[in-house]
$ cat query-v8.cif   # mmCIF, C-alpha atoms and all ligand atoms
data_final
#
loop_
_atom_site.label_atom_id
_atom_site.label_comp_id
_atom_site.auth_asym_id
_atom_site.auth_seq_id
_atom_site.Cartn_x
_atom_site.Cartn_y
_atom_site.Cartn_z
CA MET A 3 -0.68 7.51 3.86
CA ILE A 4 -3.73 9.63 3.81
CA GLN A 5 -2.96 11.77 6.74
CA ARG A 6 -4.56 15.14 7.06
CA THR A 7 -3.62 15.73 10.65
CA PRO A 8 -0.05 15.55 11.94
CA ALA A 9 1.15 12.09 12.94
CA ARG A 10 0.90 11.49 16.67
CA ILE A 11 4.10 9.51 16.69
CA GLU A 12 6.75 10.34 19.19
CA ALA A 13 10.35 10.30 18.11
CA ARG A 14 12.44 8.19 20.47
CA ASN A 15 15.42 10.53 20.25
CA GLU A 16 16.71 13.39 18.18
CA GLU A 17 19.28 11.44 16.15
CA PRO A 18 19.09 12.05 12.39
CA VAL A 19 18.14 9.05 10.31
CA ALA A 20 21.26 6.96 10.05
CA ASP A 21 22.38 5.02 7.01
CA VAL A 22 20.24 1.95 7.44
CA THR A 23 22.19 -0.99 6.14
CA VAL A 24 21.38 -4.58 6.97
CA GLY A 25 22.18 -4.69 10.67
CA PRO A 26 20.70 -6.32 13.77
CA GLU A 27 17.09 -7.51 13.72
CA PRO A 28 14.77 -4.56 14.38
CA SER A 29 12.93 -4.21 17.65
CA CYS A 30 10.13 -1.68 18.04
CA ALA A 31 12.01 -0.35 21.05
CA ALA A 32 15.32 -0.03 19.16
CA GLU A 33 17.06 3.31 18.96
CA GLN A 34 16.36 3.47 15.23
CA SER A 35 12.74 2.44 15.62
CA TRP A 36 10.26 2.51 12.78
CA GLN A 37 8.31 5.12 14.71
CA GLN A 38 11.33 7.39 14.74
CA ILE A 39 11.95 6.89 11.03
CA LEU A 40 8.28 7.60 10.32
CA ALA A 41 8.35 10.74 12.46
CA GLU A 42 11.36 12.00 10.50
CA SER A 43 9.79 11.49 7.08
CA VAL A 44 10.13 14.19 4.44
CA THR A 45 6.90 16.21 4.50
CA SER A 46 7.43 19.11 2.10
CA PRO A 47 8.08 19.33 -1.65
CA ALA A 48 11.05 21.67 -1.15
CA GLN A 49 12.65 19.22 1.28
CA LEU A 50 12.07 16.32 -1.11
CA LEU A 51 13.61 18.14 -4.08
CA ALA A 52 16.60 19.17 -1.99
CA ARG A 53 17.04 15.65 -0.67
CA LEU A 54 17.19 14.36 -4.26
CA GLY A 55 19.61 17.09 -5.38
CA LEU A 56 17.01 18.58 -7.74
CA PRO A 57 16.63 22.35 -8.33
CA GLN A 58 13.47 23.99 -6.97
CA GLU A 59 12.53 25.15 -10.48
CA PRO A 60 10.70 24.07 -12.55
CA TRP A 61 9.09 21.68 -10.04
CA LEU A 62 8.44 23.53 -6.81
CA GLN A 63 5.44 25.67 -7.75
CA GLY A 64 3.45 22.74 -9.17
CA ALA A 65 4.55 20.48 -6.34
CA ASN A 66 3.33 22.97 -3.76
CA ALA A 67 -0.05 23.18 -5.52
CA GLY A 68 -0.43 19.39 -5.34
CA HIS A 69 0.85 19.34 -1.77
CA GLN A 70 -2.04 21.61 -0.75
CA LEU A 71 -4.48 18.96 -1.99
CA PHE A 72 -2.74 15.92 -0.59
CA PRO A 73 0.35 16.43 1.54
CA VAL A 74 3.76 15.01 0.80
CA ARG A 75 5.02 12.25 3.06
CA VAL A 76 8.00 10.06 2.18
CA PRO A 77 10.11 8.07 4.64
CA GLU A 78 13.88 8.06 4.35
CA PRO A 79 14.40 4.36 3.49
CA PHE A 80 12.22 4.82 0.39
CA ILE A 81 14.07 8.00 -0.62
CA ARG A 82 17.40 6.17 -0.40
CA ARG A 83 16.30 3.87 -3.21
CA MET A 84 15.72 6.82 -5.58
CA GLN A 85 18.36 7.94 -8.04
CA HIS A 86 19.92 11.20 -6.90
CA GLY A 87 19.41 14.00 -9.45
CA ASN A 88 16.89 12.09 -11.58
CA SER A 89 13.57 13.95 -11.80
CA ASN A 90 12.08 10.99 -13.69
CA ASP A 91 12.96 8.45 -11.06
CA PRO A 92 10.04 5.98 -10.91
CA LEU A 93 9.93 6.06 -7.11
CA LEU A 94 10.04 9.85 -7.00
CA ARG A 95 7.18 10.05 -9.53
CA GLN A 96 4.99 8.12 -7.09
CA VAL A 97 5.43 10.70 -4.33
CA LEU A 98 6.29 14.13 -5.80
CA PRO A 99 3.15 16.26 -6.38
CA VAL A 100 2.75 17.92 -9.78
CA ALA A 101 0.72 20.91 -11.01
CA ASP A 102 -1.65 18.63 -12.97
CA GLU A 103 -3.16 17.38 -9.71
CA ALA A 104 -5.06 20.65 -9.43
CA LEU A 105 -6.65 20.29 -12.89
CA HIS A 106 -10.23 19.06 -13.14
CA GLN A 107 -10.58 16.19 -15.62
CA ALA A 108 -13.98 14.81 -16.62
CA GLY A 109 -14.47 11.23 -15.42
CA TYR A 110 -11.99 11.46 -12.51
CA VAL A 111 -13.79 11.60 -9.19
CA ARG A 112 -13.13 11.72 -5.46
CA ASP A 113 -14.49 8.25 -4.68
CA PRO A 114 -13.92 6.17 -7.83
CA LEU A 115 -14.88 2.88 -6.17
CA GLU A 116 -17.93 4.37 -4.43
CA GLU A 117 -16.72 2.94 -1.16
CA SER A 118 -18.83 5.33 0.86
CA SER A 119 -21.87 3.24 -0.09
CA ALA A 120 -20.18 0.03 1.16
CA ILE A 121 -19.61 1.20 4.76
CA GLN A 122 -21.39 -1.31 7.00
CA THR A 123 -20.61 0.36 10.28
CA THR A 124 -18.00 2.93 11.29
CA GLY A 125 -14.62 1.57 10.19
CA LEU A 126 -16.00 -1.55 8.48
CA ILE A 127 -16.39 -1.77 4.69
CA ARG A 128 -18.19 -4.74 3.16
CA LYS A 129 -17.81 -5.03 -0.60
CA TYR A 130 -17.63 -8.79 -1.00
CA GLU A 131 -19.57 -11.71 0.38
CA SER A 132 -16.87 -13.42 2.43
CA ARG A 133 -14.44 -10.58 3.20
CA ALA A 134 -14.70 -7.35 5.19
CA LEU A 135 -12.27 -4.44 5.33
CA LEU A 136 -11.43 -2.96 8.69
CA MET A 137 -10.18 0.63 8.38
CA VAL A 138 -7.73 0.42 11.25
CA THR A 139 -6.33 3.90 10.62
CA GLY A 140 -6.29 6.72 8.09
CA GLN A 141 -2.58 7.14 8.51
CA CYS A 142 0.04 5.84 6.05
CA ALA A 143 3.82 5.89 6.02
CA ILE A 144 3.93 7.31 2.51
CA ASN A 145 1.49 9.39 0.51
CA CYS A 146 1.19 7.86 -2.96
CA ARG A 147 -0.03 10.45 -5.43
CA TYR A 148 -2.16 7.92 -7.36
CA CYS A 149 -3.99 6.58 -4.28
CA PHE A 150 -7.69 5.95 -4.93
CA ARG A 151 -8.35 6.84 -1.29
CA ARG A 152 -6.56 10.19 -1.42
CA HIS A 153 -9.90 11.92 -0.69
CA PHE A 154 -11.31 9.29 1.68
CA PRO A 155 -13.03 10.83 4.75
CA TYR A 156 -10.92 8.95 7.30
CA ASP A 157 -11.96 11.24 10.11
CA ASP A 158 -15.55 9.95 9.75
CA GLN A 159 -14.34 6.35 10.08
CA ARG A 160 -12.14 6.78 13.14
CA LEU A 161 -12.72 3.84 15.47
CA GLY A 162 -13.57 4.76 19.04
CA PRO A 163 -14.16 2.12 21.76
CA GLU A 164 -17.90 1.92 21.03
CA ASP A 165 -17.27 1.60 17.31
CA ARG A 166 -14.88 -1.27 17.95
CA GLN A 167 -17.57 -3.10 19.84
CA GLN A 168 -20.01 -2.40 17.03
CA VAL A 169 -17.53 -3.78 14.46
CA LEU A 170 -17.12 -6.98 16.46
CA SER A 171 -20.88 -7.38 16.92
CA SER A 172 -21.35 -6.90 13.21
CA LEU A 173 -18.70 -9.53 12.42
CA HIS A 174 -20.18 -12.00 14.91
CA ALA A 175 -23.54 -11.53 13.21
CA SER A 176 -22.14 -12.12 9.69
CA PRO A 177 -21.42 -15.85 9.37
CA ASN A 178 -20.49 -15.52 5.69
CA ILE A 179 -17.40 -13.48 6.50
CA ASN A 180 -14.39 -15.74 6.86
CA GLU A 181 -11.66 -13.19 6.24
CA VAL A 182 -11.00 -9.74 7.69
CA ILE A 183 -8.64 -7.38 5.92
CA PHE A 184 -6.74 -4.80 7.94
CA SER A 185 -6.77 -1.78 5.68
CA GLY A 186 -6.55 1.98 5.87
CA GLY A 187 -4.52 4.10 5.40
CA ASP A 188 -1.81 1.65 6.27
CA PRO A 189 -2.82 -0.66 9.13
CA LEU A 190 0.79 -1.27 10.14
CA ALA A 191 1.10 2.45 10.96
CA VAL A 192 -0.77 1.49 14.15
CA ASN A 193 1.07 0.20 17.21
CA ASP A 194 1.37 -3.54 17.75
CA ARG A 195 -0.51 -3.53 21.04
CA LEU A 196 -3.67 -2.36 19.29
CA LEU A 197 -3.18 -4.67 16.31
CA ALA A 198 -2.65 -7.64 18.63
CA GLN A 199 -5.90 -6.75 20.45
CA TRP A 200 -7.78 -6.74 17.16
CA ALA A 201 -6.20 -10.04 16.11
CA ARG A 202 -7.20 -11.67 19.41
CA ALA A 203 -10.76 -10.35 19.15
CA LEU A 204 -11.11 -11.58 15.57
CA ALA A 205 -9.78 -15.03 16.47
CA GLU A 206 -12.73 -15.34 18.87
CA VAL A 207 -15.22 -14.97 16.02
CA PRO A 208 -15.80 -18.64 15.11
CA HIS A 209 -16.31 -18.19 11.35
CA ILE A 210 -13.25 -15.95 10.78
CA LYS A 211 -10.38 -18.06 9.47
CA ARG A 212 -8.02 -15.58 7.88
CA LEU A 213 -6.48 -12.25 8.68
CA ARG A 214 -5.22 -10.34 5.68
CA ILE A 215 -3.13 -7.18 6.00
CA HIS A 216 -2.67 -4.70 3.16
CA SER A 217 0.43 -2.63 3.86
CA ARG A 218 3.22 -0.69 2.19
CA LEU A 219 5.14 -0.34 5.44
CA PRO A 220 7.37 -3.44 5.15
CA VAL A 221 8.57 -1.92 1.86
CA VAL A 222 8.84 1.77 2.64
CA ILE A 223 10.14 1.29 6.21
CA PRO A 224 11.39 -2.31 6.47
CA GLN A 225 12.24 -1.70 10.15
CA ARG A 226 8.47 -1.98 10.74
CA VAL A 227 8.93 -5.75 10.64
CA CYS A 228 10.13 -5.77 14.23
CA ASP A 229 9.93 -8.41 16.98
CA GLU A 230 6.70 -7.03 18.45
CA LEU A 231 4.89 -7.32 15.12
CA LEU A 232 6.22 -10.81 14.51
CA ASN A 233 5.27 -11.95 18.01
CA TRP A 234 1.56 -11.25 17.70
CA LEU A 235 1.47 -12.55 14.14
CA ARG A 236 3.12 -15.78 15.26
CA GLU A 237 0.74 -16.15 18.20
CA SER A 238 -2.47 -15.59 16.25
CA PRO A 239 -4.27 -18.85 15.39
CA LEU A 240 -5.70 -17.22 12.24
CA GLN A 241 -4.10 -17.84 8.86
CA LYS A 242 -2.12 -14.73 8.03
CA VAL A 243 -1.69 -13.15 4.60
CA LEU A 244 0.21 -9.93 4.05
CA VAL A 245 -0.27 -8.17 0.73
CA VAL A 246 2.56 -5.72 0.18
CA HIS A 247 2.39 -3.01 -2.45
CA VAL A 248 5.39 -2.68 -4.75
CA ASN A 249 5.10 -0.96 -8.13
CA HIS A 250 8.70 -0.94 -9.35
CA PRO A 251 11.66 -3.28 -8.83
CA ALA A 252 13.81 -0.41 -7.49
CA GLU A 253 11.59 -0.44 -4.37
CA LEU A 254 13.17 -3.75 -3.36
CA ASP A 255 16.55 -4.11 -1.69
CA ALA A 256 18.37 -6.24 0.89
CA GLN A 257 16.35 -4.70 3.73
CA THR A 258 12.97 -5.49 2.19
CA SER A 259 14.19 -8.98 1.44
CA ARG A 260 15.11 -9.53 5.05
CA ALA A 261 11.79 -8.09 6.26
CA PHE A 262 9.91 -10.48 3.96
CA SER A 263 11.99 -13.40 5.14
CA ARG A 264 11.17 -12.66 8.79
CA LEU A 265 7.46 -12.41 7.98
CA ARG A 266 7.54 -15.75 6.20
CA ASP A 267 9.33 -17.30 9.17
CA ALA A 268 6.43 -16.07 11.33
CA GLY A 269 3.98 -18.05 9.20
CA VAL A 270 2.77 -15.20 6.99
CA THR A 271 1.94 -15.80 3.30
CA LEU A 272 3.28 -12.92 1.21
CA LEU A 273 1.60 -11.55 -1.92
CA ASN A 274 2.12 -8.35 -3.87
CA GLN A 275 -0.28 -5.96 -5.52
CA SER A 276 0.78 -3.20 -7.91
CA VAL A 277 -1.02 -0.46 -9.76
CA ILE A 278 -0.17 0.08 -13.42
CA LEU A 279 1.09 3.67 -13.55
CA LYS A 280 2.19 5.76 -16.51
CA GLY A 281 5.84 6.73 -16.24
CA VAL A 282 6.44 4.31 -13.37
CA ASN A 283 5.91 0.71 -14.47
CA ASP A 284 4.11 0.77 -17.83
CA SER A 285 6.79 -1.27 -19.60
CA VAL A 286 7.08 -5.00 -19.99
CA ASN A 287 10.73 -5.01 -18.94
CA THR A 288 9.88 -3.27 -15.67
CA LEU A 289 6.93 -5.54 -14.91
CA ALA A 290 8.92 -8.69 -15.75
CA LYS A 291 11.80 -7.63 -13.50
CA LEU A 292 9.35 -6.72 -10.74
CA SER A 293 7.80 -10.20 -10.80
CA GLU A 294 11.20 -11.92 -10.89
CA ASP A 295 12.58 -9.80 -8.05
CA LEU A 296 9.50 -10.24 -5.90
CA PHE A 297 9.64 -13.99 -6.27
CA ALA A 298 13.36 -14.00 -5.48
CA SER A 299 12.35 -12.24 -2.23
CA GLY A 300 9.68 -14.83 -1.45
CA VAL A 301 6.67 -12.74 -2.55
CA LEU A 302 4.17 -13.96 -5.13
CA PRO A 303 2.79 -11.40 -7.64
CA TYR A 304 -0.96 -11.30 -7.06
CA TYR A 305 -2.77 -8.34 -8.64
CA LEU A 306 -1.88 -5.70 -11.19
CA HIS A 307 -4.63 -3.15 -10.67
CA ALA A 308 -5.89 -0.97 -13.46
CA PHE A 309 -5.66 2.66 -12.46
CA ASP A 310 -8.72 3.86 -10.55
CA PRO A 311 -9.95 7.20 -11.93
CA VAL A 312 -9.42 9.32 -8.85
CA SER A 313 -9.38 13.08 -9.24
CA GLY A 314 -5.93 14.63 -9.02
CA ALA A 315 -4.10 11.63 -10.46
CA HIS A 316 -5.23 11.37 -14.11
CA HIS A 317 -1.63 11.80 -15.31
CA PHE A 318 -0.89 8.24 -14.09
CA ASP A 319 -3.70 6.66 -16.13
CA VAL A 320 -2.83 3.80 -18.50
CA SER A 321 -5.66 2.64 -20.77
CA ASP A 322 -7.01 -0.89 -20.24
CA ARG A 323 -6.00 -1.67 -23.82
CA ASN A 324 -2.36 -0.76 -23.18
CA ALA A 325 -2.33 -2.53 -19.81
CA ALA A 326 -3.76 -5.67 -21.42
CA ALA A 327 -1.14 -5.55 -24.20
CA LEU A 328 1.61 -5.33 -21.59
CA VAL A 329 0.27 -8.31 -19.67
CA ALA A 330 -0.15 -10.31 -22.89
CA GLU A 331 3.55 -9.77 -23.57
CA LEU A 332 4.41 -10.50 -19.95
CA MET A 333 2.74 -13.88 -20.33
CA THR A 334 5.17 -14.76 -23.14
CA ARG A 335 8.13 -13.91 -20.90
CA LEU A 336 7.25 -15.38 -17.52
CA PRO A 337 5.87 -18.58 -16.07
CA GLY A 338 2.16 -18.25 -15.30
CA PHE A 339 2.66 -18.06 -11.55
CA LEU A 340 4.71 -14.87 -11.97
CA VAL A 341 2.07 -13.05 -14.04
CA PRO A 342 -0.15 -10.92 -11.79
CA LYS A 343 -3.88 -10.86 -12.53
CA LEU A 344 -4.80 -7.68 -14.38
CA VAL A 345 -8.01 -6.50 -12.75
CA ARG A 346 -10.21 -3.50 -12.28
CA GLU A 347 -12.41 -2.87 -9.29
CA LEU A 348 -15.84 -1.73 -10.38
CA PRO A 349 -18.23 -0.20 -7.84
CA GLY A 350 -20.93 -2.61 -6.72
CA LYS A 351 -19.39 -5.74 -8.30
CA ALA A 352 -19.12 -8.85 -6.15
CA SER A 353 -15.46 -9.38 -7.07
CA LYS A 354 -12.60 -7.75 -8.96
CA THR A 355 -13.17 -7.79 -12.73
CA PRO A 356 -10.42 -9.35 -14.90
CA ILE A 357 -9.45 -7.17 -17.86
CA ALA A 358 -9.70 -8.96 -21.19
CA ILE A 359 -6.49 -9.62 -23.08
CA ASN A 360 -6.65 -9.89 -26.90
CA GLY A 361 -10.43 -9.72 -26.58
CA LEU A 362 -10.53 -12.85 -24.42
CA PRO A 363 -11.00 -13.21 -20.68
CA VAL A 364 -7.68 -13.55 -18.93
CA HIS A 365 -6.49 -17.10 -18.32
CA TYR A 366 -3.02 -17.88 -17.10
CA THR A 367 -2.06 -20.84 -19.18
CA THR A 368 1.68 -20.34 -19.63
CA ASP A 369 3.74 -23.03 -17.97
S1 LIG B 1 -1.63 3.56 -1.81
FE1 LIG B 1 -1.69 2.70 0.28
S2 LIG B 1 0.17 3.49 1.27
FE2 LIG B 1 -0.18 4.74 -0.55
S3 LIG B 1 -1.38 6.49 0.17
FE3 LIG B 1 -2.86 4.96 -0.54
S4 LIG B 1 -3.40 3.76 1.27
FE4 LIG B 1 -1.52 4.89 1.76
#

$ encode --input "query-v8.cif" --output "structure tokens"
Amino acid sequence: MIQRTPARIEARNEEPVADVTVGPEPSCAAEQSWQQILAESVTSPAQLLARLGLPQEPWLQGANAGHQLFPVRVPEPFIRRMQHGNSNDPLLRQVLPVADEALHQAGYVRDPLEESSAIQTTGLIRKYESRALLMVTGQCAINCRYCFRRHFPYDDQRLGPEDRQQVLSSLHASPNINEVIFSGGDPLAVNDRLLAQWARALAEVPHIKRLRIHSRLPVVIPQRVCDELLNWLRESPLQKVLVVHVNHPAELDAQTSRAFSRLRDAGVTLLNQSVILKGVNDSVNTLAKLSEDLFASGVLPYYLHAFDPVSGAHHFDVSDRNAAALVAELMTRLPGFLVPKLVRELPGKASKTPIAINGLPVHYTTD
């Protein structure tokens, strides 16, 4: 989550986060609500190191420097999937700041996708002909160190009542748009009442057929998939697609599986997008297991994004050549439908750009 101001989320009670095993179906009003879990997230490097049983040195000084640039936020269910005492844990690497974040590297910039030039009206980004991104919130449940929007000026895109009307007018006047993507930040960090209002308003735009949601919340806090969320999803006449964001198979467990199953039962198509990240998932074994485990949970691998050159995160960069070699090997291991498309988003292009493999455009011809 790209949150520069404290979360305005009220804890329902003062209970510490309990051991969340697979229990009753979550309700947003439950004692252990997702809002409570979110409010109790770890928000300092020292707290995160202590929680993982790691010594403060040699990590704390560098982590604090990165934390000043982009604050730490990690919810407890995600921390529980990390290996205690392992400073190289692939989930920890995604969230623990390092000293390198403060280094300036040529070619790494604040807005690598030049999204600021694609803002159509406050809160609405139009990069592609038939899809528009609605920046529902700047808040996330987790702050991923590699995020290409880690410098995004969310405060400028905050949607007030007049802006909402402007967004809807703009969508009504754009007959080529048939899909709206709830984005952010993490759109599921917003309460269901507001999301349901948006979904109802979008369903009244005749040419909008699909609602897509890009969210890490069902993974990092599976309790987010509660009855209230499922109710408005079920009721919406739009086709619903939820693209989760999982980079490593250790992010998946029985709770995420159950959350995915409930979403599918509510008529939601589930896809996954990952980012190829050095030290996290840049191995064919990891990527193959990720695809297998996602599919076993009812989620289809969709995109493997090349790293976007955002300043402060160069240490995650994997060259296109290495990424392509990994995917070429992945194609020899997996059926074609489990191989995510390796793509890069280039500013100003009308679609994602496939990355060539072995000098050829990518085609998924394995059976
Ligand atoms: S990758 Fe997604 S969840 Fe992570 S910080 Fe960026 S917008 Fe938030």

$ closest_atom_pairs --input "query-v8.cif" --of "stretch 48-118 of chain A" --to "stretch 334-347 of chain A" --cutoff "12 Å" --atoms "all atoms listed in the file" --output "Markdown table"
| residue | atom | partner | partner_atom | distance |
| --- | --- | --- | --- | --- |
| A:Pro114 | CA | A:Glu347 | CA | 9.3 |
| A:Leu115 | CA | A:Glu347 | CA | 7.0 |
| A:Glu116 | CA | A:Glu347 | CA | 10.3 |
| A:Glu117 | CA | A:Glu347 | CA | 10.9 |

$ residues_near_ligand --input "query-v8.cif" --ligand "ligand LIG 1 (chain B)" --cutoff "6 Å" --atoms "all atoms listed in the file" --output "PyMOL selection string"
chain A and resi 3-4+142+144-146+149+151+186-188+218

$ atom_distance --input "query-v8.cif" --atom1 "atom CA of A:Gln38" --atom2 "atom CA of A:Asp295"
28.6 Å

$ atom_distance --input "query-v8.cif" --atom1 "atom CA of A:Ala358" --atom2 "atom CA of A:Leu306"
13.1 Å

$ residues_around --input "query-v8.cif" --residues "A:Ser259" --least-positions-apart "4" --cutoff "9 Å" --atoms "all atoms listed in the file" --output "PyMOL selection string"
chain A and resi 224+254-255+263-264+296+298-300

$ residues_around --input "query-v8.cif" --residues "stretch 91-100 of chain A" --least-positions-apart "6" --cutoff "9 Å" --atoms "all atoms listed in the file" --output "PDB file with C-alpha atoms, in the coordinates of the input"
ATOM      1  CA  PRO A  47       8.080  19.330  -1.650  1.00  0.00           C
ATOM      2  CA  LEU A  50      12.070  16.320  -1.110  1.00  0.00           C
ATOM      3  CA  LEU A  51      13.610  18.140  -4.080  1.00  0.00           C
ATOM      4  CA  LEU A  54      17.190  14.360  -4.260  1.00  0.00           C
ATOM      5  CA  TRP A  61       9.090  21.680 -10.040  1.00  0.00           C
ATOM      6  CA  LEU A  62       8.440  23.530  -6.810  1.00  0.00           C
ATOM      7  CA  GLN A  63       5.440  25.670  -7.750  1.00  0.00           C
ATOM      8  CA  GLY A  64       3.450  22.740  -9.170  1.00  0.00           C
ATOM      9  CA  ALA A  65       4.550  20.480  -6.340  1.00  0.00           C
ATOM     10  CA  ASN A  66       3.330  22.970  -3.760  1.00  0.00           C
ATOM     11  CA  ALA A  67      -0.050  23.180  -5.520  1.00  0.00           C
ATOM     12  CA  GLY A  68      -0.430  19.390  -5.340  1.00  0.00           C
ATOM     13  CA  HIS A  69       0.850  19.340  -1.770  1.00  0.00           C
ATOM     14  CA  PHE A  72      -2.740  15.920  -0.590  1.00  0.00           C
ATOM     15  CA  PRO A  73       0.350  16.430   1.540  1.00  0.00           C
ATOM     16  CA  VAL A  74       3.760  15.010   0.800  1.00  0.00           C
ATOM     17  CA  ARG A  75       5.020  12.250   3.060  1.00  0.00           C
ATOM     18  CA  VAL A  76       8.000  10.060   2.180  1.00  0.00           C
ATOM     19  CA  PHE A  80      12.220   4.820   0.390  1.00  0.00           C
ATOM     20  CA  ILE A  81      14.070   8.000  -0.620  1.00  0.00           C
ATOM     21  CA  ARG A  83      16.300   3.870  -3.210  1.00  0.00           C
ATOM     22  CA  MET A  84      15.720   6.820  -5.580  1.00  0.00           C
ATOM     23  CA  GLN A  85      18.360   7.940  -8.040  1.00  0.00           C
ATOM     24  CA  ILE A 144       3.930   7.310   2.510  1.00  0.00           C
ATOM     25  CA  ASN A 145       1.490   9.390   0.510  1.00  0.00           C
ATOM     26  CA  CYS A 146       1.190   7.860  -2.960  1.00  0.00           C
ATOM     27  CA  ARG A 147      -0.030  10.450  -5.430  1.00  0.00           C
ATOM     28  CA  TYR A 148      -2.160   7.920  -7.360  1.00  0.00           C
ATOM     29  CA  ASN A 249       5.100  -0.960  -8.130  1.00  0.00           C
ATOM     30  CA  HIS A 250       8.700  -0.940  -9.350  1.00  0.00           C
ATOM     31  CA  ALA A 252      13.810  -0.410  -7.490  1.00  0.00           C
ATOM     32  CA  GLU A 253      11.590  -0.440  -4.370  1.00  0.00           C
ATOM     33  CA  LEU A 279       1.090   3.670 -13.550  1.00  0.00           C
ATOM     34  CA  GLY A 281       5.840   6.730 -16.240  1.00  0.00           C
ATOM     35  CA  VAL A 282       6.440   4.310 -13.370  1.00  0.00           C
ATOM     36  CA  ASN A 283       5.910   0.710 -14.470  1.00  0.00           C
TER      37      ASN A 283
END

$ residues_around --input "query-v8.cif" --residues "A:Leu348" --least-positions-apart "2" --cutoff "12 Å" --atoms "only C-alpha atoms" --output "PDB file with C-alpha atoms, in the frame of the given file"
ATOM      1  CA  ASP A 113     -14.490   8.250  -4.680  1.00  0.00           C
ATOM      2  CA  PRO A 114     -13.920   6.170  -7.830  1.00  0.00           C
ATOM      3  CA  LEU A 115     -14.880   2.880  -6.170  1.00  0.00           C
ATOM      4  CA  GLU A 116     -17.930   4.370  -4.430  1.00  0.00           C
ATOM      5  CA  GLU A 117     -16.720   2.940  -1.160  1.00  0.00           C
ATOM      6  CA  LYS A 129     -17.810  -5.030  -0.600  1.00  0.00           C
ATOM      7  CA  TYR A 130     -17.630  -8.790  -1.000  1.00  0.00           C
ATOM      8  CA  HIS A 307      -4.630  -3.150 -10.670  1.00  0.00           C
ATOM      9  CA  ALA A 308      -5.890  -0.970 -13.460  1.00  0.00           C
ATOM     10  CA  PHE A 309      -5.660   2.660 -12.460  1.00  0.00           C
ATOM     11  CA  ASP A 310      -8.720   3.860 -10.550  1.00  0.00           C
ATOM     12  CA  PRO A 311      -9.950   7.200 -11.930  1.00  0.00           C
ATOM     13  CA  VAL A 345      -8.010  -6.500 -12.750  1.00  0.00           C
ATOM     14  CA  ARG A 346     -10.210  -3.500 -12.280  1.00  0.00           C
ATOM     15  CA  GLY A 350     -20.930  -2.610  -6.720  1.00  0.00           C
ATOM     16  CA  LYS A 351     -19.390  -5.740  -8.300  1.00  0.00           C
ATOM     17  CA  ALA A 352     -19.120  -8.850  -6.150  1.00  0.00           C
ATOM     18  CA  SER A 353     -15.460  -9.380  -7.070  1.00  0.00           C
ATOM     19  CA  LYS A 354     -12.600  -7.750  -8.960  1.00  0.00           C
ATOM     20  CA  THR A 355     -13.170  -7.790 -12.730  1.00  0.00           C
ATOM     21  CA  PRO A 356     -10.420  -9.350 -14.900  1.00  0.00           C
ATOM     22  CA  ILE A 357      -9.450  -7.170 -17.860  1.00  0.00           C
TER      23      ILE A 357
END

$ atom_distance --input "query-v8.cif" --atom1 "atom CA of A:Tyr305" --atom2 "atom CA of A:Val270"
17.9 Å

$ closest_residue --input "query-v8.cif" --among "A:Ala134, A:Val246, A:Leu190, A:Ile215" --to "A:Pro177" --atoms "only C-alpha atoms"
A:Ala134

$ closest_residue --input "query-v8.cif" --among "A:Ile223, A:Ile183, A:Ala120, A:Ile127" --to "A:Glu42" --atoms "all atoms listed in the file"
A:Ile223

$ closest_residue --input "query-v8.cif" --among "A:Asn178, A:Ser46, A:Gln70, A:Gln107" --to "A:Val312" --atoms "all atoms listed in the file"
A:Gln107

$ closest_residue --input "query-v8.cif" --among "A:Asn193, A:Ser119, A:Ser185, A:Ser238" --to "A:Gly140" --atoms "only C-alpha atoms"
A:Ser185

$ closest_residue --input "query-v8.cif" --among "A:Leu244, A:Cys228, A:Val221, A:Leu204" --to "A:Ala256" --atoms "all atoms listed in the file"
A:Val221

$ closest_residue --input "query-v8.cif" --among "A:Asn233, A:Gln168, A:Ser132, A:Gln141" --to "A:Pro189" --atoms "all atoms listed in the file"
A:Gln141

$ build_atoms --input "query-v8.cif" --residues "stretch 221-228 of chain A" --atoms "N, CA and C atoms" --output "CSV table (one decimal), keeping the file's coordinate frame"
chain,number,residue,atom,x,y,z
A,221,VAL,N,7.7,-2.3,3.0
A,221,VAL,CA,8.6,-1.9,1.9
A,221,VAL,C,9.2,-0.5,2.1
A,222,VAL,N,8.3,0.4,2.5
A,222,VAL,CA,8.8,1.8,2.6
A,222,VAL,C,9.6,2.0,3.9
A,223,ILE,N,9.3,1.3,5.0
A,223,ILE,CA,10.1,1.3,6.2
A,223,ILE,C,10.3,-0.2,6.7
A,224,PRO,N,11.3,-0.9,6.1
A,224,PRO,CA,11.4,-2.3,6.5
A,224,PRO,C,11.6,-2.6,8.0
A,225,GLN,N,12.1,-1.6,8.7
A,225,GLN,CA,12.2,-1.7,10.2
A,225,GLN,C,10.9,-1.9,10.8
A,226,ARG,N,9.8,-1.7,10.1
A,226,ARG,CA,8.5,-2.0,10.7
A,226,ARG,C,8.3,-3.5,11.1
A,227,VAL,N,9.0,-4.3,10.4
A,227,VAL,CA,8.9,-5.8,10.6
A,227,VAL,C,9.8,-6.0,11.8
A,228,CYS,N,9.3,-5.7,13.0
A,228,CYS,CA,10.1,-5.8,14.2
A,228,CYS,C,9.6,-6.9,15.1
